[in-house]
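S.K.: A single structure is presented below for examination.
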Amino acid sequence: MHRWRNRQEHVLVFAGTGEGPVIAQSLLESGFRVSVSVVTEAAARGFAAMSLQGLHVGAFPSQQSLADHLATQAVTCVVDATHPFALRISADLQSTCATGHPRLIRFERPDHSAVDQGLLATIDDLAHCPLSGHRLLLAVGARQLQAAVTAAQLAGAVVYARVLPTADAIRQAGAAGLSGDQLAVLRPAVGERPGALEAALCRRWQISDVLCRQSGGAADGLWSRLCQDGSMRLWKLKRPLARPDVDVVHSVNALCRLLDANSAGPQAGAHNGGQ
C-alpha cells in the first residue's frame, strides 16, 4: 500500500487504543523510524515483535519530562493516538509541540452514529436527562464513574456499572458506592460472540438506558449495536475536540499520506484531514 523507502523522520506514536500497533506497523512498512510510548506493560506487548527505535512504558510525570524525552530521542513528528478521553497527555503533547517542533498529528477514530439528543457535552448534563425510574448502565471509564453515578442518581435513575478488571477500576467503583449486584467486572467484547456477555448483563439487570463514551472504538460500536438491537436508549458522552491548530486524521492511510507530504517538503497543514 505504501512503497518503502529509507527516511530520516523519527515518528513517536503515543498509543492508547487498539489502533496503536496498526499505526506503528504501517509507518514501519512505509520506511519511517518509529518509536512508541504506552502507559502499561500490557499495552506494550502489542509492539513486541516490531523493529522499533524505542518503546517507552509508563506515564510521563511532568510536561518537562515529556519535552526532555522528545528532545533526547530526536523526534521529528509525534502522533497522538491516545484514547479520546486521555485529556492530560493530549494537552501536554499540544503544549510541548506548540512551536511546531516536533510536529504533532492527532489520530482520531471515526465517530459511531449518535443522535444529537442522546449526546451529552459533560457528565453533569446526565443529571438533567429524563431518567426517573430508569435502569441505567454506566459503561464509562473508571475515572468518570463517581461523577456519572452522582449525576444519574440526581436524574432519578437506578444505577449499574461495568468496569474493567483492574484494581484501580474496582476501587473507584467502590468509592462511587457501587458493589455487589450493581457492578460487573469484565473486559468488553470478550468471548466467541463479542457483545453476548454485555447483552446478557443488560437482560439480567433489565437495563433501559446505557451511557458510554463517544470514543469511536470497539466499545462505542458495541453499545451502539446492542442498544439498537435491544431497544435500549443510548446516551453518549461527547468526545473532547482537538485544538483547531492540530492536524487531525481519521485513518492510517490519511496519516501516511500526510507524513508522505511532509517528508517531500513544506506543505500547508491538513487540519481535520480526510479518510
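Quick note on naming: the chains in the C-alpha cells go A, B, ... in the order shown, residues restart at 1 in each chain, and ligands are numbered from 1 in order of appearance.
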Considering only strand (DSSP E or B) as DSSP defines it on the backbone, what residues of segment 38-271 of chain A qualify? List them as a VMD selection string.

M.R.: chain A and resid 38 54 to 57 77 to 81 103 to 107 119 to 120 135 to 139 158 to 163 183 to 185 209 to 213 233 to 237 247 to 249

S.K.: Find the spatial neighbours of Glu19 of chain A, counting only C-alpha atoms, within a cut-off of 10 Å - ignore same-chain residues fewer than 4 positions away - and output them as a list in words.

M.R.: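 Counting only C-alpha atoms, the residues come to Ala15, Ile23, Ala24, Ala81, Thr82, Phe107, Arg109, Gly217, Ser251 and Val252 of chain A.
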
S.K.: Take the residues just selected and output them with all heavy atoms as a PDB file, in the first residue's frame.

M.R.:
```pdb
ATOM      1  N   ALA A  15       0.430   5.664  21.957  1.00  0.00           N
ATOM      2  CA  ALA A  15      -0.650   4.731  21.665  1.00  0.00           C
ATOM      3  C   ALA A  15      -1.442   4.435  22.924  1.00  0.00           C
ATOM      4  O   ALA A  15      -0.869   4.187  23.982  1.00  0.00           O
ATOM      5  CB  ALA A  15      -0.093   3.435  21.077  1.00  0.00           C
ATOM      6  N   ILE A  23      -1.007   1.367  13.470  1.00  0.00           N
ATOM      7  CA  ILE A  23      -0.357   2.616  13.067  1.00  0.00           C
ATOM      8  C   ILE A  23       1.154   2.435  13.015  1.00  0.00           C
ATOM      9  O   ILE A  23       1.811   2.788  12.023  1.00  0.00           O
ATOM     10  CB  ILE A  23      -0.732   3.746  14.038  1.00  0.00           C
ATOM     11  CG1 ILE A  23      -2.219   4.091  13.909  1.00  0.00           C
ATOM     12  CG2 ILE A  23       0.115   4.988  13.786  1.00  0.00           C
ATOM     13  CD1 ILE A  23      -2.718   5.041  14.982  1.00  0.00           C
ATOM     14  N   ALA A  24       1.716   1.887  14.083  1.00  0.00           N
ATOM     15  CA  ALA A  24       3.165   1.713  14.148  1.00  0.00           C
ATOM     16  C   ALA A  24       3.666   0.810  13.029  1.00  0.00           C
ATOM     17  O   ALA A  24       4.669   1.119  12.361  1.00  0.00           O
ATOM     18  CB  ALA A  24       3.560   1.146  15.510  1.00  0.00           C
ATOM     19  N   ALA A  81      -2.109   9.102  19.316  1.00  0.00           N
ATOM     20  CA  ALA A  81      -3.147   8.091  19.085  1.00  0.00           C
ATOM     21  C   ALA A  81      -3.650   7.556  20.420  1.00  0.00           C
ATOM     22  O   ALA A  81      -4.021   6.386  20.536  1.00  0.00           O
ATOM     23  CB  ALA A  81      -2.605   6.954  18.221  1.00  0.00           C
ATOM     24  N   THR A  82      -3.659   8.419  21.427  1.00  0.00           N
ATOM     25  CA  THR A  82      -4.166   8.034  22.735  1.00  0.00           C
ATOM     26  C   THR A  82      -5.692   8.014  22.713  1.00  0.00           C
ATOM     27  O   THR A  82      -6.326   8.476  21.753  1.00  0.00           O
ATOM     28  CB  THR A  82      -3.673   8.995  23.820  1.00  0.00           C
ATOM     29  OG1 THR A  82      -4.123  10.327  23.516  1.00  0.00           O
ATOM     30  CG2 THR A  82      -2.152   8.996  23.897  1.00  0.00           C
ATOM     31  N   PHE A 107      -4.467  11.394  15.793  1.00  0.00           N
ATOM     32  CA  PHE A 107      -5.223  10.319  15.139  1.00  0.00           C
ATOM     33  C   PHE A 107      -6.536  10.150  15.876  1.00  0.00           C
ATOM     34  O   PHE A 107      -6.555   9.795  17.056  1.00  0.00           O
ATOM     35  CB  PHE A 107      -4.424   9.014  15.156  1.00  0.00           C
ATOM     36  CG  PHE A 107      -5.150   7.860  14.505  1.00  0.00           C
ATOM     37  CD1 PHE A 107      -4.991   7.622  13.154  1.00  0.00           C
ATOM     38  CD2 PHE A 107      -5.993   7.039  15.229  1.00  0.00           C
ATOM     39  CE1 PHE A 107      -5.663   6.566  12.537  1.00  0.00           C
ATOM     40  CE2 PHE A 107      -6.675   5.988  14.632  1.00  0.00           C
ATOM     41  CZ  PHE A 107      -6.505   5.753  13.276  1.00  0.00           C
ATOM     42  N   ARG A 109     -10.286   8.279  15.855  1.00  0.00           N
ATOM     43  CA  ARG A 109     -11.138   7.251  15.261  1.00  0.00           C
ATOM     44  C   ARG A 109     -12.455   7.877  14.810  1.00  0.00           C
ATOM     45  O   ARG A 109     -12.969   8.784  15.470  1.00  0.00           O
ATOM     46  CB  ARG A 109     -11.399   6.147  16.284  1.00  0.00           C
ATOM     47  CG  ARG A 109     -10.137   5.433  16.687  1.00  0.00           C
ATOM     48  CD  ARG A 109     -10.365   4.364  17.726  1.00  0.00           C
ATOM     49  NE  ARG A 109     -10.747   4.907  19.012  1.00  0.00           N
ATOM     50  CZ  ARG A 109     -10.790   4.181  20.132  1.00  0.00           C
ATOM     51  NH1 ARG A 109     -10.460   2.908  20.095  1.00  0.00           N
ATOM     52  NH2 ARG A 109     -11.151   4.719  21.265  1.00  0.00           N
ATOM     53  N   GLY A 217     -14.281   3.742  19.259  1.00  0.00           N
ATOM     54  CA  GLY A 217     -13.643   2.438  19.279  1.00  0.00           C
ATOM     55  C   GLY A 217     -14.627   1.288  19.316  1.00  0.00           C
ATOM     56  O   GLY A 217     -15.832   1.446  19.103  1.00  0.00           O
ATOM     57  N   SER A 251      -7.740   8.006   9.667  1.00  0.00           N
ATOM     58  CA  SER A 251      -7.390   6.673   9.189  1.00  0.00           C
ATOM     59  C   SER A 251      -5.880   6.575   9.064  1.00  0.00           C
ATOM     60  O   SER A 251      -5.175   7.592   8.983  1.00  0.00           O
ATOM     61  CB  SER A 251      -8.041   6.380   7.829  1.00  0.00           C
ATOM     62  OG  SER A 251      -7.443   7.176   6.816  1.00  0.00           O
ATOM     63  N   VAL A 252      -5.389   5.328   9.028  1.00  0.00           N
ATOM     64  CA  VAL A 252      -3.952   5.115   8.869  1.00  0.00           C
ATOM     65  C   VAL A 252      -3.502   5.598   7.497  1.00  0.00           C
ATOM     66  O   VAL A 252      -2.420   6.169   7.350  1.00  0.00           O
ATOM     67  CB  VAL A 252      -3.618   3.629   9.072  1.00  0.00           C
ATOM     68  CG1 VAL A 252      -2.135   3.375   8.818  1.00  0.00           C
ATOM     69  CG2 VAL A 252      -3.988   3.186  10.483  1.00  0.00           C
TER      70      VAL A 252
END
```

S.K.: Taking the DSSP secondary structure from the backbone, can you list the residues of segment 29-117 of chain A that are helix (DSSP H, G or I), as an MDAnalysis selection string?

M.R.: chainID A and resid 29 41:47 63:72 87:96 116:117

S.K.: What's around Ser62 of chain A at 12 Å? Count only C-alpha atoms, leave out sequence neighbours fewer than 6 positions away in its own chain, and write the answer as a ChimeraX atom specification.

M.R.: /A:68-69,88-89,91-93,95-96

S.K.: May I have the selected residues written with N, CA and C atoms, as a short mmCIF file (atom, residue, chain, number, x, y, z; two decimals), in the first residue's frame?

M.R.:
```
data_model
loop_
_atom_site.label_atom_id
_atom_site.label_comp_id
_atom_site.auth_asym_id
_atom_site.auth_seq_id
_atom_site.Cartn_x
_atom_site.Cartn_y
_atom_site.Cartn_z
N ASP A 68 11.74 16.63 27.50
CA ASP A 68 13.11 16.11 27.53
C ASP A 68 13.21 14.81 26.74
N HIS A 69 12.19 13.96 26.86
CA HIS A 69 12.19 12.69 26.13
C HIS A 69 12.16 12.93 24.62
N ARG A 88 -5.14 14.54 29.75
CA ARG A 88 -3.89 15.11 30.26
C ARG A 88 -2.75 14.95 29.26
N ILE A 89 -2.53 13.73 28.75
CA ILE A 89 -1.40 13.53 27.85
C ILE A 89 -1.61 14.31 26.55
N ALA A 91 -3.20 17.16 26.18
CA ALA A 91 -2.92 18.57 26.48
C ALA A 91 -1.42 18.81 26.60
N ASP A 92 -0.70 17.88 27.26
CA ASP A 92 0.74 18.03 27.41
C ASP A 92 1.44 17.96 26.05
N LEU A 93 0.98 17.08 25.18
CA LEU A 93 1.57 16.99 23.84
C LEU A 93 1.31 18.27 23.04
N SER A 95 0.87 21.29 24.20
CA SER A 95 1.70 22.37 24.74
C SER A 95 3.16 22.19 24.35
N THR A 96 3.64 20.95 24.45
CA THR A 96 5.05 20.68 24.15
C THR A 96 5.37 20.90 22.68
#
```

S.K.: Grab the atom CA of Glu192 of chain A to atom CA of Arg143 of chain A distance for me, in Å with one decimal place.

M.R.: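 Pair atom CA of Glu192 of chain A / atom CA of Arg143 of chain A returns 29.0 Å.
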
S.K.: Give me the residues near Arg213 of chain A as a count of residues only, where near means some atom within 6 Å (using only C-alpha atoms) and where sequence neighbours in that chain fewer than 5 positions away do not count.

M.R.: 3

S.K.: Using only C-alpha atoms, which of the listed residues (A:Ser208, A:Ser26, A:Ser224, A:Ser35) sits closest to Tyr160 of chain A?

M.R.: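 Nearest to Tyr160 of chain A: A:Ser208.
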
S.K.: Measuring between only C-alpha atoms, which one of A:Val36, A:Cys77, A:Leu178, A:Ala142 shows the shortest distance to Gln8 of chain A?

M.R.: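 Among the listed residues, A:Cys77 lies closest to Gln8 of chain A.
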
S.K.: Excluding Glu41 of chain A and its own-chain neighbours fewer than 2 positions away, which residues fall within 12 Å of it when counting only C-alpha atoms? Please give them as a PyMOL selection string.

M.R.: chain A and resi 16+37-39+43-48+55-59

S.K.: Would you output that residue set with all heavy atoms, as a compact mmCIF listing (two decimals), in the first residue's frame?

M.R.:
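Saved result, selection-v6.txt, follows:
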```
# COMPACT_ATOMS: atom_id res chain seq x y z
N GLY A 16 -2.76 4.46 22.79
CA GLY A 16 -3.61 4.14 23.93
C GLY A 16 -4.87 3.42 23.51
O GLY A 16 -5.79 3.25 24.31
N SER A 37 5.18 5.03 22.66
CA SER A 37 5.02 5.27 24.09
C SER A 37 3.66 4.76 24.52
O SER A 37 2.64 5.11 23.92
CB SER A 37 5.16 6.76 24.42
OG SER A 37 4.97 6.99 25.80
N VAL A 38 3.64 3.91 25.54
CA VAL A 38 2.39 3.38 26.10
C VAL A 38 2.46 3.52 27.63
O VAL A 38 3.53 3.74 28.19
CB VAL A 38 2.15 1.90 25.72
CG1 VAL A 38 1.91 1.76 24.23
CG2 VAL A 38 3.31 1.03 26.17
N VAL A 39 1.32 3.36 28.28
CA VAL A 39 1.28 3.56 29.72
C VAL A 39 1.55 2.27 30.49
O VAL A 39 2.17 2.29 31.55
CB VAL A 39 -0.08 4.16 30.14
CG1 VAL A 39 -0.19 4.25 31.65
CG2 VAL A 39 -0.27 5.54 29.51
N ALA A 43 -0.13 -3.04 27.39
CA ALA A 43 -0.21 -2.36 26.09
C ALA A 43 1.07 -2.56 25.29
O ALA A 43 1.04 -2.64 24.05
CB ALA A 43 -0.50 -0.88 26.29
N ALA A 44 2.21 -2.63 25.97
CA ALA A 44 3.49 -2.77 25.29
C ALA A 44 3.61 -4.10 24.55
O ALA A 44 4.34 -4.20 23.55
CB ALA A 44 4.63 -2.63 26.29
N ARG A 45 2.89 -5.12 25.00
CA ARG A 45 3.01 -6.44 24.38
C ARG A 45 2.57 -6.43 22.93
O ARG A 45 3.04 -7.26 22.13
CB ARG A 45 2.22 -7.48 25.18
CG ARG A 45 2.86 -7.82 26.52
CD ARG A 45 2.26 -9.10 27.11
NE ARG A 45 0.93 -8.89 27.65
CZ ARG A 45 0.68 -8.54 28.90
NH1 ARG A 45 1.68 -8.34 29.75
NH2 ARG A 45 -0.56 -8.38 29.32
N GLY A 46 1.69 -5.52 22.56
CA GLY A 46 1.23 -5.44 21.17
C GLY A 46 2.30 -4.98 20.19
O GLY A 46 2.12 -5.09 18.98
N PHE A 47 3.44 -4.49 20.71
CA PHE A 47 4.50 -3.97 19.85
C PHE A 47 5.78 -4.81 19.94
O PHE A 47 6.80 -4.44 19.38
CB PHE A 47 4.82 -2.52 20.25
CG PHE A 47 3.64 -1.60 20.20
CD1 PHE A 47 2.81 -1.44 21.30
CD2 PHE A 47 3.33 -0.90 19.04
CE1 PHE A 47 1.71 -0.59 21.26
CE2 PHE A 47 2.23 -0.07 18.98
CZ PHE A 47 1.42 0.09 20.08
N ALA A 48 5.70 -5.94 20.66
CA ALA A 48 6.91 -6.70 20.99
C ALA A 48 7.68 -7.18 19.76
O ALA A 48 8.91 -7.24 19.79
CB ALA A 48 6.53 -7.89 21.88
N LEU A 55 10.77 1.80 22.81
CA LEU A 55 9.44 1.55 23.38
C LEU A 55 9.45 2.05 24.82
O LEU A 55 10.10 1.45 25.69
CB LEU A 55 9.10 0.06 23.32
CG LEU A 55 7.76 -0.37 23.92
CD1 LEU A 55 6.61 0.33 23.21
CD2 LEU A 55 7.59 -1.88 23.83
N HIS A 56 8.75 3.15 25.05
CA HIS A 56 8.68 3.75 26.38
C HIS A 56 7.40 3.26 27.07
O HIS A 56 6.31 3.34 26.52
CB HIS A 56 8.67 5.27 26.29
CG HIS A 56 8.54 5.96 27.61
ND1 HIS A 56 7.30 6.26 28.16
CD2 HIS A 56 9.46 6.38 28.50
CE1 HIS A 56 7.49 6.86 29.32
NE2 HIS A 56 8.78 6.94 29.56
N VAL A 57 7.55 2.75 28.29
CA VAL A 57 6.41 2.25 29.05
C VAL A 57 6.27 3.07 30.33
O VAL A 57 7.22 3.19 31.11
CB VAL A 57 6.58 0.76 29.40
CG1 VAL A 57 5.36 0.26 30.18
CG2 VAL A 57 6.77 -0.07 28.13
N GLY A 58 5.08 3.63 30.53
CA GLY A 58 4.83 4.41 31.73
C GLY A 58 4.43 5.84 31.41
O GLY A 58 4.75 6.37 30.34
N ALA A 59 3.70 6.45 32.33
CA ALA A 59 3.29 7.84 32.15
C ALA A 59 4.45 8.78 32.41
O ALA A 59 5.35 8.47 33.20
CB ALA A 59 2.13 8.17 33.10
```

S.K.: Using only C-alpha atoms, which protein or nucleic acid residues come within 9 Å of Leu138 of chain A? Drop anything in the same chain fewer than 4 positions from it, and give the result as number ranges by chain.

M.R.: A: 145, 148-149, 159-163, 209-212

S.K.: Go through A:Ala175, A:Val78, A:Ile105, A:Leu66 one by one, measure the shortest atom-to-atom distance of each to Ala254 of chain A using only C-alpha atoms, and give the residue with the smallest value.

M.R.: A:Ile105

S.K.: With distances taken over only C-alpha atoms, which of A:Lys238, A:Ala173, A:Gln25, A:Val75 is nearest to Leu126 of chain A?

M.R.: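 For Leu126 of chain A, the nearest of the given residues is A:Lys238.
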